[in-house]
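Everything below belongs to work-v9.pdb, which stores PDB, C-alpha atoms, pLDDT in the B column.
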ATOM      1  CA  MET A 184       0.000   0.000   0.000  1.00 59.00           C
ATOM      2  CA  ARG A 185       1.217   3.473  -0.855  1.00 75.00           C
ATOM      3  CA  GLY A 186       1.856   6.138   1.717  1.00 83.00           C
ATOM      4  CA  GLU A 187      -0.299   9.205   1.808  1.00 86.00           C
ATOM      5  CA  PRO A 188       0.116  11.869  -0.892  1.00 94.00           C
ATOM      6  CA  GLN A 189       2.936  14.314  -0.172  1.00 93.00           C
ATOM      7  CA  LYS A 190       1.831  17.615  -1.736  1.00 96.00           C
ATOM      8  CA  ARG A 191      -0.023  20.119   0.429  1.00 96.00           C
ATOM      9  CA  ILE A 192      -2.219  23.009  -0.557  1.00 96.00           C
ATOM     10  CA  SER A 193      -1.077  26.584   0.069  1.00 97.00           C
ATOM     11  CA  PRO A 194      -0.847  27.797   3.696  1.00 97.00           C
ATOM     12  CA  LYS A 195      -2.734  30.899   2.495  1.00 97.00           C
ATOM     13  CA  ALA A 196      -5.784  28.622   2.301  1.00 97.00           C
ATOM     14  CA  LEU A 197      -6.046  29.009   6.088  1.00 97.00           C
ATOM     15  CA  LYS A 198      -6.613  32.769   5.712  1.00 97.00           C
ATOM     16  CA  VAL A 199      -9.243  32.271   3.013  1.00 97.00           C
ATOM     17  CA  TRP A 200     -11.114  29.580   4.960  1.00 97.00           C
ATOM     18  CA  ARG A 201     -10.955  31.633   8.177  1.00 98.00           C
ATOM     19  CA  LEU A 202     -12.279  34.695   6.372  1.00 98.00           C
ATOM     20  CA  HIS A 203     -15.064  32.571   4.877  1.00 97.00           C
ATOM     21  CA  GLY A 204     -15.856  31.284   8.386  1.00 98.00           C
ATOM     22  CA  ALA A 205     -15.938  34.858   9.701  1.00 98.00           C
ATOM     23  CA  ILE A 206     -18.429  35.855   7.010  1.00 98.00           C
ATOM     24  CA  GLN A 207     -20.632  32.874   7.878  1.00 98.00           C
ATOM     25  CA  SER A 208     -20.378  33.790  11.569  1.00 98.00           C
ATOM     26  CA  LEU A 209     -21.429  37.366  10.826  1.00 98.00           C
ATOM     27  CA  VAL A 210     -24.523  36.108   9.008  1.00 98.00           C
ATOM     28  CA  LEU A 211     -25.381  33.845  11.949  1.00 98.00           C
ATOM     29  CA  GLY A 212     -24.635  36.775  14.275  1.00 98.00           C
ATOM     30  CA  LEU A 213     -27.379  38.784  12.567  1.00 98.00           C
ATOM     31  CA  PHE A 214     -29.873  36.018  13.357  1.00 97.00           C
ATOM     32  CA  VAL A 215     -28.664  35.918  16.956  1.00 97.00           C
ATOM     33  CA  ILE A 216     -29.097  39.686  17.261  1.00 96.00           C
ATOM     34  CA  GLY A 217     -32.628  39.255  15.930  1.00 95.00           C
ATOM     35  CA  THR A 218     -33.234  36.517  18.509  1.00 94.00           C
ATOM     36  CA  VAL A 219     -31.939  38.755  21.316  1.00 93.00           C
ATOM     37  CA  ILE A 220     -34.204  41.604  20.171  1.00 94.00           C
ATOM     38  CA  LEU A 221     -37.230  39.293  19.928  1.00 93.00           C
ATOM     39  CA  THR A 222     -36.426  37.809  23.343  1.00 92.00           C
ATOM     40  CA  THR A 223     -36.412  41.312  24.815  1.00 91.00           C
ATOM     41  CA  ILE A 224     -39.565  42.490  23.024  1.00 93.00           C
ATOM     42  CA  PHE A 225     -41.687  39.392  23.702  1.00 92.00           C
ATOM     43  CA  GLU A 226     -40.171  38.723  27.133  1.00 90.00           C
ATOM     44  CA  TRP A 227     -39.163  35.171  26.271  1.00 88.00           C
ATOM     45  CA  SER A 228     -37.059  33.165  28.651  1.00 92.00           C
ATOM     46  CA  VAL A 229     -33.464  34.350  29.012  1.00 92.00           C
ATOM     47  CA  TRP A 230     -32.391  30.820  28.069  1.00 94.00           C
ATOM     48  CA  VAL A 231     -33.367  31.439  24.461  1.00 93.00           C
ATOM     49  CA  MET A 232     -30.892  34.306  24.338  1.00 93.00           C
ATOM     50  CA  VAL A 233     -28.176  32.332  26.174  1.00 95.00           C
ATOM     51  CA  VAL A 234     -28.536  29.338  23.850  1.00 95.00           C
ATOM     52  CA  ALA A 235     -28.450  31.554  20.739  1.00 95.00           C
ATOM     53  CA  ILE A 236     -25.282  33.314  21.904  1.00 96.00           C
ATOM     54  CA  GLY A 237     -23.703  29.992  22.884  1.00 97.00           C
ATOM     55  CA  VAL A 238     -24.447  28.516  19.458  1.00 97.00           C
ATOM     56  CA  LEU A 239     -22.931  31.619  17.825  1.00 98.00           C
ATOM     57  CA  LEU A 240     -19.741  31.367  19.910  1.00 98.00           C
ATOM     58  CA  LEU A 241     -19.346  27.646  19.239  1.00 98.00           C
ATOM     59  CA  PHE A 242     -20.032  28.086  15.517  1.00 98.00           C
ATOM     60  CA  THR A 243     -17.568  30.994  15.289  1.00 98.00           C
ATOM     61  CA  TYR A 244     -14.783  29.070  17.022  1.00 98.00           C
ATOM     62  CA  THR A 245     -15.399  25.993  14.886  1.00 98.00           C
ATOM     63  CA  MET A 246     -15.568  27.815  11.542  1.00 97.00           C
ATOM     64  CA  ILE A 247     -12.700  30.271  12.121  1.00 98.00           C
ATOM     65  CA  PHE A 248     -10.151  28.333  14.157  1.00 96.00           C
ATOM     66  CA  PHE A 249     -10.855  24.618  14.366  1.00 97.00           C
ATOM     67  CA  LEU A 250     -12.066  23.443  10.931  1.00 96.00           C
ATOM     68  CA  PRO A 251      -9.674  25.458   8.722  1.00 97.00           C
ATOM     69  CA  SER A 252      -6.645  24.130  10.624  1.00 96.00           C
ATOM     70  CA  ILE A 253      -7.812  20.524  10.476  1.00 95.00           C
ATOM     71  CA  ARG A 254      -8.862  20.862   6.846  1.00 95.00           C
ATOM     72  CA  TRP A 255      -5.466  22.276   5.847  1.00 96.00           C
ATOM     73  CA  LYS A 256      -3.547  19.576   7.739  1.00 95.00           C
ATOM     74  CA  ARG A 257      -5.554  16.767   6.121  1.00 94.00           C
ATOM     75  CA  TRP A 258      -5.738  18.009   2.519  1.00 96.00           C
ATOM     76  CA  ARG A 259      -3.038  16.396   0.384  1.00 96.00           C
ATOM     77  CA  TYR A 260      -2.695  15.513  -3.249  1.00 97.00           C
ATOM     78  CA  GLU A 261      -0.256  13.974  -5.667  1.00 96.00           C
ATOM     79  CA  VAL A 262      -0.229  13.888  -9.456  1.00 96.00           C
ATOM     80  CA  ARG A 263       1.446  10.849 -10.976  1.00 95.00           C
ATOM     81  CA  GLU A 264       1.756   9.714 -14.586  1.00 93.00           C
ATOM     82  CA  GLN A 265      -1.156   7.265 -14.358  1.00 93.00           C
ATOM     83  CA  GLU A 266      -3.359   8.836 -11.651  1.00 95.00           C
ATOM     84  CA  ILE A 267      -4.191  11.727  -9.382  1.00 96.00           C
ATOM     85  CA  GLU A 268      -4.480  10.926  -5.675  1.00 97.00           C
ATOM     86  CA  LEU A 269      -6.506  13.143  -3.358  1.00 97.00           C
ATOM     87  CA  GLN A 270      -6.772  12.870   0.431  1.00 96.00           C
ATOM     88  CA  ARG A 271      -9.095  14.854   2.662  1.00 96.00           C
ATOM     89  CA  GLY A 272     -11.347  14.471   5.665  1.00 92.00           C
ATOM     90  CA  PHE A 273     -11.511  14.997   9.383  1.00 87.00           C
ATOM     91  CA  ILE A 274     -12.994  12.032  11.201  1.00 89.00           C
ATOM     92  CA  PHE A 275     -13.222   9.874   8.115  1.00 94.00           C
ATOM     93  CA  ILE A 276     -10.189  10.252   5.859  1.00 93.00           C
ATOM     94  CA  LYS A 277     -11.198   9.923   2.199  1.00 95.00           C
ATOM     95  CA  ARG A 278      -8.581   8.967  -0.375  1.00 95.00           C
ATOM     96  CA  THR A 279      -9.503   9.118  -4.049  1.00 96.00           C
ATOM     97  CA  LEU A 280      -7.580   7.868  -7.067  1.00 95.00           C
ATOM     98  CA  VAL A 281      -8.537   9.446 -10.373  1.00 96.00           C
ATOM     99  CA  PRO A 282      -7.065   7.523 -13.326  1.00 95.00           C
ATOM    100  CA  MET A 283      -5.577   9.810 -15.981  1.00 95.00           C
ATOM    101  CA  VAL A 284      -7.483   7.944 -18.711  1.00 94.00           C
ATOM    102  CA  ARG A 285     -10.759   9.076 -17.065  1.00 94.00           C
ATOM    103  CA  VAL A 286      -9.875  12.793 -16.975  1.00 95.00           C
ATOM    104  CA  GLN A 287     -12.004  14.681 -19.496  1.00 94.00           C
ATOM    105  CA  HIS A 288     -10.968  18.241 -18.738  1.00 93.00           C
ATOM    106  CA  VAL A 289      -9.211  20.326 -16.096  1.00 96.00           C
ATOM    107  CA  ASP A 290     -10.143  23.869 -15.050  1.00 96.00           C
ATOM    108  CA  THR A 291      -8.913  26.451 -12.590  1.00 96.00           C
ATOM    109  CA  VAL A 292     -11.523  28.367 -10.594  1.00 96.00           C
ATOM    110  CA  GLN A 293     -10.936  31.577  -8.682  1.00 96.00           C
ATOM    111  CA  GLY A 294     -13.590  33.371  -6.644  1.00 95.00           C
ATOM    112  CA  PRO A 295     -13.170  36.807  -5.033  1.00 96.00           C
ATOM    113  CA  LEU A 296     -11.587  35.512  -1.811  1.00 96.00           C
ATOM    114  CA  LEU A 297      -9.202  33.190  -3.639  1.00 97.00           C
ATOM    115  CA  LYS A 298      -8.287  35.976  -6.072  1.00 97.00           C
ATOM    116  CA  ARG A 299      -7.482  38.339  -3.185  1.00 97.00           C
ATOM    117  CA  TYR A 300      -4.880  35.861  -1.890  1.00 97.00           C
ATOM    118  CA  ARG A 301      -3.674  34.798  -5.380  1.00 97.00           C
ATOM    119  CA  LEU A 302      -5.051  31.279  -5.036  1.00 98.00           C
ATOM    120  CA  SER A 303      -6.952  29.027  -7.425  1.00 98.00           C
ATOM    121  CA  THR A 304      -8.857  25.766  -7.175  1.00 98.00           C
ATOM    122  CA  ILE A 305      -8.295  23.058  -9.764  1.00 97.00           C
ATOM    123  CA  THR A 306     -11.362  21.108 -10.881  1.00 97.00           C
ATOM    124  CA  ILE A 307     -10.795  17.751 -12.559  1.00 97.00           C
ATOM    125  CA  SER A 308     -13.806  16.472 -14.498  1.00 96.00           C
ATOM    126  CA  THR A 309     -14.421  12.826 -15.299  1.00 95.00           C
ATOM    127  CA  ALA A 310     -17.530  11.269 -16.842  1.00 91.00           C
ATOM    128  CA  ALA A 311     -18.902  10.456 -13.404  1.00 89.00           C
ATOM    129  CA  THR A 312     -17.933  13.389 -11.176  1.00 95.00           C
ATOM    130  CA  VAL A 313     -15.819  16.479 -10.559  1.00 97.00           C
ATOM    131  CA  HIS A 314     -12.859  16.418  -8.178  1.00 97.00           C
ATOM    132  CA  GLU A 315     -11.184  19.486  -6.684  1.00 97.00           C
ATOM    133  CA  ILE A 316      -7.779  20.451  -5.387  1.00 98.00           C
ATOM    134  CA  PRO A 317      -8.530  23.641  -3.441  1.00 97.00           C
ATOM    135  CA  ALA A 318      -6.465  26.734  -2.738  1.00 96.00           C
ATOM    136  CA  LEU A 319      -3.242  26.328  -4.684  1.00 97.00           C
ATOM    137  CA  ASP A 320      -1.036  29.303  -5.536  1.00 97.00           C
ATOM    138  CA  THR A 321      -2.266  30.563  -8.909  1.00 97.00           C
ATOM    139  CA  GLU A 322       1.021  29.909 -10.711  1.00 97.00           C
ATOM    140  CA  GLU A 323       1.217  26.394  -9.262  1.00 97.00           C
ATOM    141  CA  ALA A 324      -2.420  25.745 -10.184  1.00 97.00           C
ATOM    142  CA  ASP A 325      -1.814  26.818 -13.789  1.00 97.00           C
ATOM    143  CA  GLU A 326       1.262  24.599 -14.074  1.00 97.00           C
ATOM    144  CA  LEU A 327      -0.565  21.661 -12.482  1.00 97.00           C
ATOM    145  CA  ARG A 328      -3.589  22.130 -14.750  1.00 96.00           C
ATOM    146  CA  ASN A 329      -1.327  22.047 -17.805  1.00 96.00           C
ATOM    147  CA  ARG A 330       0.563  19.014 -16.497  1.00 96.00           C
ATOM    148  CA  ILE A 331      -2.633  17.058 -15.768  1.00 96.00           C
ATOM    149  CA  SER A 332      -3.982  17.973 -19.194  1.00 94.00           C
ATOM    150  CA  LEU A 333      -0.796  16.743 -20.854  1.00 94.00           C
ATOM    151  CA  LEU A 334      -0.702  13.522 -18.801  1.00 94.00           C
ATOM    152  CA  ALA A 335      -4.386  12.866 -19.549  1.00 91.00           C
ATOM    153  CA  ARG A 336      -3.709  13.294 -23.273  1.00 87.00           C
ATOM    154  CA  VAL A 337      -0.724  10.927 -23.091  1.00 81.00           C
ATOM    155  CA  ALA A 338      -2.757   8.373 -21.104  1.00 73.00           C
ATOM    156  CA  GLU A 339      -5.556   8.611 -23.675  1.00 70.00           C
ATOM    157  CA  ASP A 340      -3.096   8.051 -26.537  1.00 73.00           C
ATOM    158  CA  ASP A 341      -1.709   4.925 -24.813  1.00 72.00           C
ATOM    159  CA  VAL A 342      -5.135   3.281 -24.605  1.00 62.00           C
TER     160      VAL A 342
END
Would it be possible to restate this file's structure as structure tokens?
Amino acid sequence: MRGEPQKRISPKALKVWRLHGAIQSLVLGLFVIGTVILTTIFEWSVWVMVVAIGVLLLFTYTMIFFLPSIRWKRWRYEVREQEIELQRGFIFIKRTLVPMVRVQHVDTVQGPLLKRYRLSTITISTAATVHEIPALDTEEADELRNRISLLARVAEDDV
């Protein structure tokens, strides 16, 4: 059995994922503020307010500090001549092998947060599904996209 893939995604992914978690927490915070206001207006039990604030604090910690760190530590990939290996997961580690002969096309995707930190996500399409390698430096993502495309073409020619 092979060891785990050796390549890691960019450390800047932590910043992007933490910022994304902060945005999600702000949205949830608006609902919690609404709950606090409604609790005050309708004189609901104080526990409703305490639970809402507790959920917000737990969600914020999880989405900004805990999950991005774990996600970054677990995400690994490796591109070989015959296959692409992806590894991710927290409690359940998922390892995927994508044969080069199955690769139909490869794209790079860059949203506003990724663009701000000069990162890109590679999407690898097969007939059955789409696989991603998230948050690579843009230059590295472009090189990897071209390499996968070339290897997929070579693998297709060999068949």
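On the file presented, the PyMOL selection byres ((chain A and resi 322-332) around 9) picks out A:Val262, A:Arg263, A:Glu264, A:Ile267, A:Met283, A:Val286, A:Gln287, A:His288, A:Val289, A:Asp290, A:Thr291, A:Arg301, A:Leu302, A:Ser303, A:Thr304, A:Ile305, A:Thr306, A:Ile307, A:Ile316, A:Ala318, A:Leu319, A:Asp320, A:Thr321, A:Leu333, A:Leu334, A:Ala335, A:Arg336, A:Val337.
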List the neighbours of Tyr244 (chain A) out to 12 Å using all atoms listed in the file; skip same-chain residues closer than 5 positions along the sequence, and give me the result as a ChimeraX atom specification.
-> /A:201,204-205,207-208,237-239,249-252
Determine the residue membership of the PyMOL selection byres ((chain A and resi 199) around 9) for the file above and supply it as a PyMOL selection string.
-> chain A and resi 195-198+200-204+251+296-297+299-300+318
Selected residue, from A:Ala235, A:Pro317, A:Gly212, A:Gln293, that lies nearest to Ser193 (chain A) when counting only C-alpha atoms | A:Pro317
Separation of CA of Met246 (chain A) from CA of Phe273 (chain A) in Å |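 Between these atoms lies a distance of 13.6 Å.
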Shell around Lys190 (chain A) at 9 Å using all atoms listed in the file, local window under 6 positions removed, as a VMD selection string = chain A and resid 258 to 262
Residue nearest Glu268 (chain A) - candidates A:Val281, A:Val219, A:Val210, A:Ala338, atoms counted: all atoms listed in the file |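 Looking at the shortest contact to Glu268 (chain A), the residue is A:Val281.
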If you measure from CA of Arg271 (chain A) to CA of His314 (chain A), what distance in Å do you get, rounded to one decimal?
->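 Result for CA of Arg271 (chain A) versus CA of His314 (chain A): 11.6 Å, one decimal.
Of the listed residues (A:Arg254, A:Leu269, A:Lys277, A:Gly294), A:Leu269 comes nearest to Glu315 (chain A); the distances count only C-alpha atoms.
Taking CA of Leu240 (chain A) as the reference point, CA of Trp227 (chain A) is found at 20.8 Å.
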Box dimensions and centre (Å, one decimal) enclosing region 236-241 of chain A, axis-aligned, 6 Å extra per side, as lines of an AutoDock Vina configuration file:
center_x = -22.3
center_y = 30.5
center_z = 20.4
size_x = 17.9
size_y = 17.7
size_z = 17.1
Expand the PyMOL selection byres ((chain A and resi 231) around 10) into the individual residues it matches in the shown file, reporting them as a list in words.
->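 Evaluating the PyMOL selection byres ((chain A and resi 231) around 10) on this file yields Val215, Thr218, Val219, Leu221, Thr222, Trp227, Ser228, Val229, Trp230, Met232, Val233, Val234, Ala235, Ile236 and Gly237 of chain A.
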